[in-house]
Amino acid sequence: MPTPPENRELSPYTGWTRAHWEAAADRLLLDVRPFASPGGGLIDLPGPRPSWSGPRSDGLEGWARTFLLAALRVAGAHGADPDGHLDRYAGGLAAGTEKPGRHDDPDSWPLMADTRQAIVESASVALGLRLTRPWLWDRLDDRTRQRAADWLLPALAPSPVDNNWWLFGLTVAGFLQDAGIETDRAAATIDRSLARIEDWYLGDGWYSDGDNRAFDHYNAWALHFYPVLHAHLAGDGDLLDRYGPRLRAHLDAYVHLFDANGAPVPYGRSLTYRFAAAAAPWLGTLTGHTPLSPGATRRLASGTLRYFLDRGATDERGLLGLGWHGPYPPLVQEYSGPGSPYWASKGFLGLLLPAGHPAWTDLEEPLPAERADTVLPLAPAGLLVQTTAADGLVRLHNHGSNHVHSAPGEEDDPGYARHAYSTRTGPSTGTAAAADNHFALIVDGRATPRGPAVPAGTGPDRAASVHQPLPGVRVLSTTLVHGRAELRAHLVLGAPEGTPVRQTGWAVTPEGPHAQLHPVHGYRPGTGELPTGETLQGPGSRTLAVHGTTHGPAALFVALASLTAEPDPAPVSTLAHVRVDGHLLTVTWRDGTTAHLDPSSPEEP
């Protein structure tokens, strides 16, 4: 399928228009067709391994997630469907629900009672049916509609997983309400689901994905996506008045997490969903709850889609693989299978906007990362965003996001436990590799994990946290930033005298940006280098490291770090002068501005 010519007059940053989005959607849909089961009920995509839910569930996942893409494509075209996408999915719906739960039927969908993952996929099925109701659901025969409803109804039960899964039932309930099926049960499910996520709302547009301070892209592509889209589709002004401003508040920060090259910051889990990161910005424009102009929204979304498609996200067959650019197994969780990457379909939400909408017709505008240097604390999440306009690079300093709580001796989750992430680097993975952006005590030759980080405050230029790497030992960590410079301070309390410590920097490949690390206080002079193996950005990555030893019950360690794509950057040691008086730091940046830090009380005095 030919790609439309670029339009650099309308889209000076990406060259892409609505026609490119439509063509990309059609290509993705056409390229999965050869992998449909005989009746079209499953799409069994090839992959290196099945998910932990098994091949049958993976086939449903391939069907449901690509059906959502087909629904967005056809609904956005007001039912026009020259490639016959919906006819194929209508046949698959009938085949999949004809004899659900039957392992001897090559089209049979698994039952939710047997396969929990089917609850997740029910949301994509229901949302697709809701979006295409006049062209698909309303044209089905009564028997097929009844079978499909019977398959969906178990999703109205309380969620078996206490996180964003509550919103899958909400999404199914929204469709069933519209279709006039079990409307009282559906209403109860909606109320119960929204009440549960209310417990996790921390303000300023941030939810925790459950009770464990998990902050990641699920905020945007699930915890905001489902309630706000439901309210919009239901025409429920009261719900939209509640959840729309939260989306806008989240987007105020979220839009700063996109590089000038289109990359979102790779942190958290399920990163194989790739350009699903564009879903929430599109949703803000669709509902009017966004800080972005229409042209900036398209620039962000098109930049993100192009970033991945231009870097090998699809293989020679046109299939999305399990990875980031191309395949990258260390990134992938065990719950993900060959169909999982097609949750990226959410990123095509903008197709619901009419072709004449300003988001498609206005001139593209630059992203925040391209306009000015930014330091943005995200207090509820304990995160700190640092962007530089000279290179469009985004860094995310982590002082509060957790997901897997490491027990003594366990490895950290690299998607949550690093002190920093960026759009041009990827966290190192594997037990043999040195962890990047990590402060550790060295015990018996092994670096201690970080474990859960407890936020200790944010300020206009800083974020801080406390973690316990060993029983009886606490580390108070603060990141202070200015321009491209980072000051990393760690106050180690209660460690045995003479305990070795190590601070690592950014993991970069030879072709990547420039990483710098300079010891300021507590570390030995000089900087070493450690291999980090393969990261999201490719093989051969390495990280700088500085080493020291604890002295006394409260040992302070300070280093300067930098990550930049500027050519021939000045040494990071020239970016700041740091005076240390006991545990009090006075930092004079190169432009003459001054900051003060007491690591034991890190918020701005």
# chains A, B, ... in the order shown; residues from 1 in each chain; ligands from 1
>>> residues_around(residues="Ala485 (chain A)", least_positions_apart="5", cutoff="10 Å", atoms="only C-alpha atoms", output="count of residues only")
15
>>> select_by_dssp(residues="region 146-363 of chain A", states="alpha helix (DSSP H)", output="VMD selection string")
chain A and resid 146 to 152 166 to 179 183 to 198 218 225 to 234 237 to 254 279 to 287 294 to 309 358 to 361
>>> residues_around(residues="Val492 (chain A)", least_positions_apart="3", cutoff="12 Å", atoms="only C-alpha atoms", output="PyMOL selection string")
chain A and resi 439-441+466-470+472-478+489+495-502+522+548-558+583+599-600
>>> write_last_selection(atoms="C-alpha atoms", output="PDB file, in the first residue's frame")
ATOM      1  CA  PHE A 439      22.921   4.380  43.699  1.00  0.00           C
ATOM      2  CA  ALA A 440      23.914   1.261  45.556  1.00  0.00           C
ATOM      3  CA  LEU A 441      25.827  -0.076  48.490  1.00  0.00           C
ATOM      4  CA  VAL A 466      13.993   7.724  50.802  1.00  0.00           C
ATOM      5  CA  HIS A 467      14.716   4.047  50.280  1.00  0.00           C
ATOM      6  CA  GLN A 468      16.047   1.232  52.442  1.00  0.00           C
ATOM      7  CA  PRO A 469      18.602  -0.883  50.569  1.00  0.00           C
ATOM      8  CA  LEU A 470      19.455  -2.972  53.645  1.00  0.00           C
ATOM      9  CA  GLY A 472      18.657  -0.612  59.272  1.00  0.00           C
ATOM     10  CA  VAL A 473      20.121   1.467  56.419  1.00  0.00           C
ATOM     11  CA  ARG A 474      18.332   4.412  54.836  1.00  0.00           C
ATOM     12  CA  VAL A 475      19.342   6.498  51.848  1.00  0.00           C
ATOM     13  CA  LEU A 476      17.938  10.002  51.417  1.00  0.00           C
ATOM     14  CA  SER A 477      18.273  10.864  47.722  1.00  0.00           C
ATOM     15  CA  THR A 478      17.729  14.206  45.990  1.00  0.00           C
ATOM     16  CA  ALA A 489      22.943  13.803  46.297  1.00  0.00           C
ATOM     17  CA  ALA A 495      25.570   1.885  57.034  1.00  0.00           C
ATOM     18  CA  PRO A 496      28.528   0.051  58.556  1.00  0.00           C
ATOM     19  CA  GLU A 497      31.760   2.007  58.491  1.00  0.00           C
ATOM     20  CA  GLY A 498      33.686   1.527  55.264  1.00  0.00           C
ATOM     21  CA  THR A 499      30.792   0.195  53.157  1.00  0.00           C
ATOM     22  CA  PRO A 500      31.539   0.690  49.448  1.00  0.00           C
ATOM     23  CA  VAL A 501      28.989   2.664  47.410  1.00  0.00           C
ATOM     24  CA  ARG A 502      28.530   3.208  43.686  1.00  0.00           C
ATOM     25  CA  GLY A 522      32.279  11.576  49.073  1.00  0.00           C
ATOM     26  CA  GLY A 548      33.176   5.829  47.367  1.00  0.00           C
ATOM     27  CA  THR A 549      33.120   4.501  50.925  1.00  0.00           C
ATOM     28  CA  THR A 550      30.933   5.409  53.881  1.00  0.00           C
ATOM     29  CA  HIS A 551      32.470   7.205  56.819  1.00  0.00           C
ATOM     30  CA  GLY A 552      30.461   7.855  59.962  1.00  0.00           C
ATOM     31  CA  PRO A 553      26.758   7.257  60.647  1.00  0.00           C
ATOM     32  CA  ALA A 554      25.694   9.820  58.033  1.00  0.00           C
ATOM     33  CA  ALA A 555      27.757   9.781  54.842  1.00  0.00           C
ATOM     34  CA  LEU A 556      27.085  12.259  52.049  1.00  0.00           C
ATOM     35  CA  PHE A 557      27.775  11.523  48.377  1.00  0.00           C
ATOM     36  CA  VAL A 558      27.343  14.130  45.647  1.00  0.00           C
ATOM     37  CA  HIS A 583      25.583  18.286  54.849  1.00  0.00           C
ATOM     38  CA  PRO A 599      19.724  16.380  51.835  1.00  0.00           C
ATOM     39  CA  SER A 600      18.202  15.603  55.233  1.00  0.00           C
TER      40      SER A 600
END
>>> residues_around(residues="Arg542 (chain A)", least_positions_apart="4", cutoff="6 Å", atoms="only C-alpha atoms", output="PyMOL selection string")
chain A and resi 507-508+530-532
>>> write_last_selection(atoms="N, CA and C atoms", output="compact mmCIF listing (two decimals), in the first residue's frame")
# COMPACT_ATOMS: atom_id res chain seq x y z
N ALA A 507 22.91 5.02 30.67
CA ALA A 507 23.38 3.95 29.80
C ALA A 507 23.23 4.40 28.35
N VAL A 508 24.36 4.58 27.66
CA VAL A 508 24.32 5.09 26.29
C VAL A 508 25.10 4.16 25.37
N LEU A 530 31.21 1.01 33.12
CA LEU A 530 30.71 -0.34 33.31
C LEU A 530 29.84 -0.72 32.13
N PRO A 531 29.87 -1.99 31.70
CA PRO A 531 28.96 -2.42 30.63
C PRO A 531 27.54 -2.59 31.15
N THR A 532 26.59 -2.16 30.36
CA THR A 532 25.17 -2.37 30.71
C THR A 532 24.48 -3.26 29.69
>>> residues_around(residues="Gly41 (chain A)", least_positions_apart="3", cutoff="10 Å", atoms="only C-alpha atoms", output="PyMOL selection string")
chain A and resi 36-38+44+59-60+62-64+88-98+105-109
>>> write_last_selection(atoms="N, CA and C atoms", output="mmCIF file, in the first residue's frame")
data_model
loop_
_atom_site.group_PDB
_atom_site.id
_atom_site.type_symbol
_atom_site.label_atom_id
_atom_site.label_comp_id
_atom_site.auth_asym_id
_atom_site.auth_seq_id
_atom_site.Cartn_x
_atom_site.Cartn_y
_atom_site.Cartn_z
ATOM 1 N N ALA A 36 -5.628 -14.881 10.530
ATOM 2 C CA ALA A 36 -6.948 -15.151 11.091
ATOM 3 C C ALA A 36 -7.233 -16.650 11.055
ATOM 4 N N SER A 37 -7.991 -17.111 12.048
ATOM 5 C CA SER A 37 -8.438 -18.502 12.088
ATOM 6 C C SER A 37 -9.462 -18.734 10.972
ATOM 7 N N PRO A 38 -9.842 -19.990 10.721
ATOM 8 C CA PRO A 38 -10.710 -20.273 9.557
ATOM 9 C C PRO A 38 -11.969 -19.436 9.485
ATOM 10 N N ASP A 44 -4.218 -15.295 15.183
ATOM 11 C CA ASP A 44 -3.098 -15.988 15.818
ATOM 12 C C ASP A 44 -1.793 -15.495 15.206
ATOM 13 N N GLY A 59 -4.824 -15.466 20.721
ATOM 14 C CA GLY A 59 -5.593 -15.302 19.498
ATOM 15 C C GLY A 59 -6.754 -14.347 19.671
ATOM 16 N N LEU A 60 -7.419 -14.424 20.828
ATOM 17 C CA LEU A 60 -8.478 -13.459 21.132
ATOM 18 C C LEU A 60 -7.902 -12.056 21.233
ATOM 19 N N GLY A 62 -5.260 -10.856 19.752
ATOM 20 C CA GLY A 62 -4.983 -10.364 18.405
ATOM 21 C C GLY A 62 -6.244 -9.897 17.700
ATOM 22 N N TRP A 63 -7.350 -10.615 17.920
ATOM 23 C CA TRP A 63 -8.622 -10.221 17.301
ATOM 24 C C TRP A 63 -9.159 -8.935 17.924
ATOM 25 N N ALA A 64 -9.235 -8.904 19.258
ATOM 26 C CA ALA A 64 -9.899 -7.791 19.938
ATOM 27 C C ALA A 64 -9.163 -6.474 19.727
ATOM 28 N N ARG A 88 -15.314 -8.454 8.051
ATOM 29 C CA ARG A 88 -14.462 -9.532 8.536
ATOM 30 C C ARG A 88 -14.607 -9.690 10.052
ATOM 31 N N TYR A 89 -14.660 -8.571 10.769
ATOM 32 C CA TYR A 89 -14.770 -8.669 12.222
ATOM 33 C C TYR A 89 -16.166 -9.081 12.659
ATOM 34 N N ALA A 90 -17.172 -8.729 11.895
ATOM 35 C CA ALA A 90 -18.519 -9.223 12.206
ATOM 36 C C ALA A 90 -18.554 -10.744 12.090
ATOM 37 N N GLY A 91 -17.924 -11.280 11.048
ATOM 38 C CA GLY A 91 -17.852 -12.731 10.911
ATOM 39 C C GLY A 91 -17.061 -13.366 12.031
ATOM 40 N N GLY A 92 -15.983 -12.711 12.450
ATOM 41 C CA GLY A 92 -15.185 -13.233 13.541
ATOM 42 C C GLY A 92 -15.918 -13.217 14.863
ATOM 43 N N LEU A 93 -16.708 -12.172 15.093
ATOM 44 C CA LEU A 93 -17.511 -12.107 16.318
ATOM 45 C C LEU A 93 -18.491 -13.273 16.370
ATOM 46 N N ALA A 94 -19.139 -13.543 15.256
ATOM 47 C CA ALA A 94 -20.091 -14.657 15.216
ATOM 48 C C ALA A 94 -19.387 -15.989 15.444
ATOM 49 N N ALA A 95 -18.232 -16.172 14.802
ATOM 50 C CA ALA A 95 -17.516 -17.441 14.931
ATOM 51 C C ALA A 95 -16.939 -17.628 16.325
ATOM 52 N N GLY A 96 -16.408 -16.546 16.902
ATOM 53 C CA GLY A 96 -15.773 -16.657 18.213
ATOM 54 C C GLY A 96 -16.746 -16.942 19.328
ATOM 55 N N THR A 97 -17.982 -16.448 19.200
ATOM 56 C CA THR A 97 -18.983 -16.630 20.257
ATOM 57 C C THR A 97 -19.951 -17.774 19.972
ATOM 58 N N GLU A 98 -19.751 -18.476 18.856
ATOM 59 C CA GLU A 98 -20.638 -19.596 18.521
ATOM 60 C C GLU A 98 -20.527 -20.709 19.555
ATOM 61 N N ASP A 105 -12.626 -26.149 18.731
ATOM 62 C CA ASP A 105 -13.127 -25.229 17.713
ATOM 63 C C ASP A 105 -12.045 -24.191 17.443
ATOM 64 N N PRO A 106 -11.510 -24.103 16.235
ATOM 65 C CA PRO A 106 -10.381 -23.198 15.971
ATOM 66 C C PRO A 106 -10.731 -21.723 16.065
ATOM 67 N N ASP A 107 -12.016 -21.396 16.153
ATOM 68 C CA ASP A 107 -12.426 -19.992 16.256
ATOM 69 C C ASP A 107 -12.925 -19.615 17.645
ATOM 70 N N SER A 108 -13.054 -20.548 18.542
ATOM 71 C CA SER A 108 -13.731 -20.336 19.813
ATOM 72 C C SER A 108 -12.982 -19.364 20.718
ATOM 73 N N TRP A 109 -13.729 -18.422 21.287
ATOM 74 C CA TRP A 109 -13.158 -17.508 22.266
ATOM 75 C C TRP A 109 -13.110 -18.168 23.638
#
>>> residues_around(residues="Arg49 (chain A)", least_positions_apart="4", cutoff="12 Å", atoms="only C-alpha atoms", output="ChimeraX atom specification")
/A:44-45,53-55,58,321-322,329,332-340
>>> closest_atom_pairs(of="region 266-377 of chain A", to="region 126-135 of chain A", cutoff="12 Å", atoms="only C-alpha atoms", output="Markdown table")
| residue | atom | partner | partner_atom | distance |
| --- | --- | --- | --- | --- |
| A:Ser345 | CA | A:Gly128 | CA | 11.0 |
| A:Lys346 | CA | A:Leu127 | CA | 10.7 |
| A:Leu349 | CA | A:Leu131 | CA | 10.9 |
| A:Leu351 | CA | A:Leu131 | CA | 11.7 |
| A:Leu352 | CA | A:Leu131 | CA | 9.2 |
>>> write_last_selection(atoms="N, CA, C and O atoms", output="compact mmCIF listing (two decimals), in the first residue's frame")
# COMPACT_ATOMS: atom_id res chain seq x y z
N SER A 345 -3.35 0.33 19.15
CA SER A 345 -4.51 0.83 18.39
C SER A 345 -5.14 2.04 19.03
O SER A 345 -5.71 2.91 18.34
N LYS A 346 -5.05 2.14 20.36
CA LYS A 346 -5.63 3.31 21.04
C LYS A 346 -5.03 4.61 20.53
O LYS A 346 -5.69 5.66 20.59
N LEU A 349 -6.98 7.03 18.16
CA LEU A 349 -8.23 7.66 18.60
C LEU A 349 -8.53 8.95 17.84
O LEU A 349 -9.69 9.31 17.65
N LEU A 351 -8.61 9.52 14.87
CA LEU A 351 -9.42 9.33 13.67
C LEU A 351 -10.90 9.60 13.93
O LEU A 351 -11.67 9.80 12.98
N LEU A 352 -11.32 9.60 15.21
CA LEU A 352 -12.71 9.96 15.51
C LEU A 352 -12.98 11.44 15.29
O LEU A 352 -14.14 11.85 15.19
>>> closest_atom_pairs(of="region 204-260 of chain A", to="region 442-458 of chain A", cutoff="12 Å", atoms="only C-alpha atoms", output="Markdown table")
| residue | atom | partner | partner_atom | distance |
| --- | --- | --- | --- | --- |
| A:Asn212 | CA | A:Pro452 | CA | 9.2 |
| A:Arg213 | CA | A:Pro452 | CA | 9.1 |
| A:Ala214 | CA | A:Pro452 | CA | 10.4 |
>>> write_last_selection(atoms="C-alpha atoms", output="CSV table (one decimal), in the first residue's frame")
chain,number,residue,atom,x,y,z
A,212,ASN,CA,1.4,0.4,45.3
A,213,ARG,CA,2.3,3.8,43.9
A,214,ALA,CA,2.6,2.6,40.3
>>> atom_distance(atom1="CA of Ala559 (chain A)", atom2="CA of Pro571 (chain A)")
13.0 Å
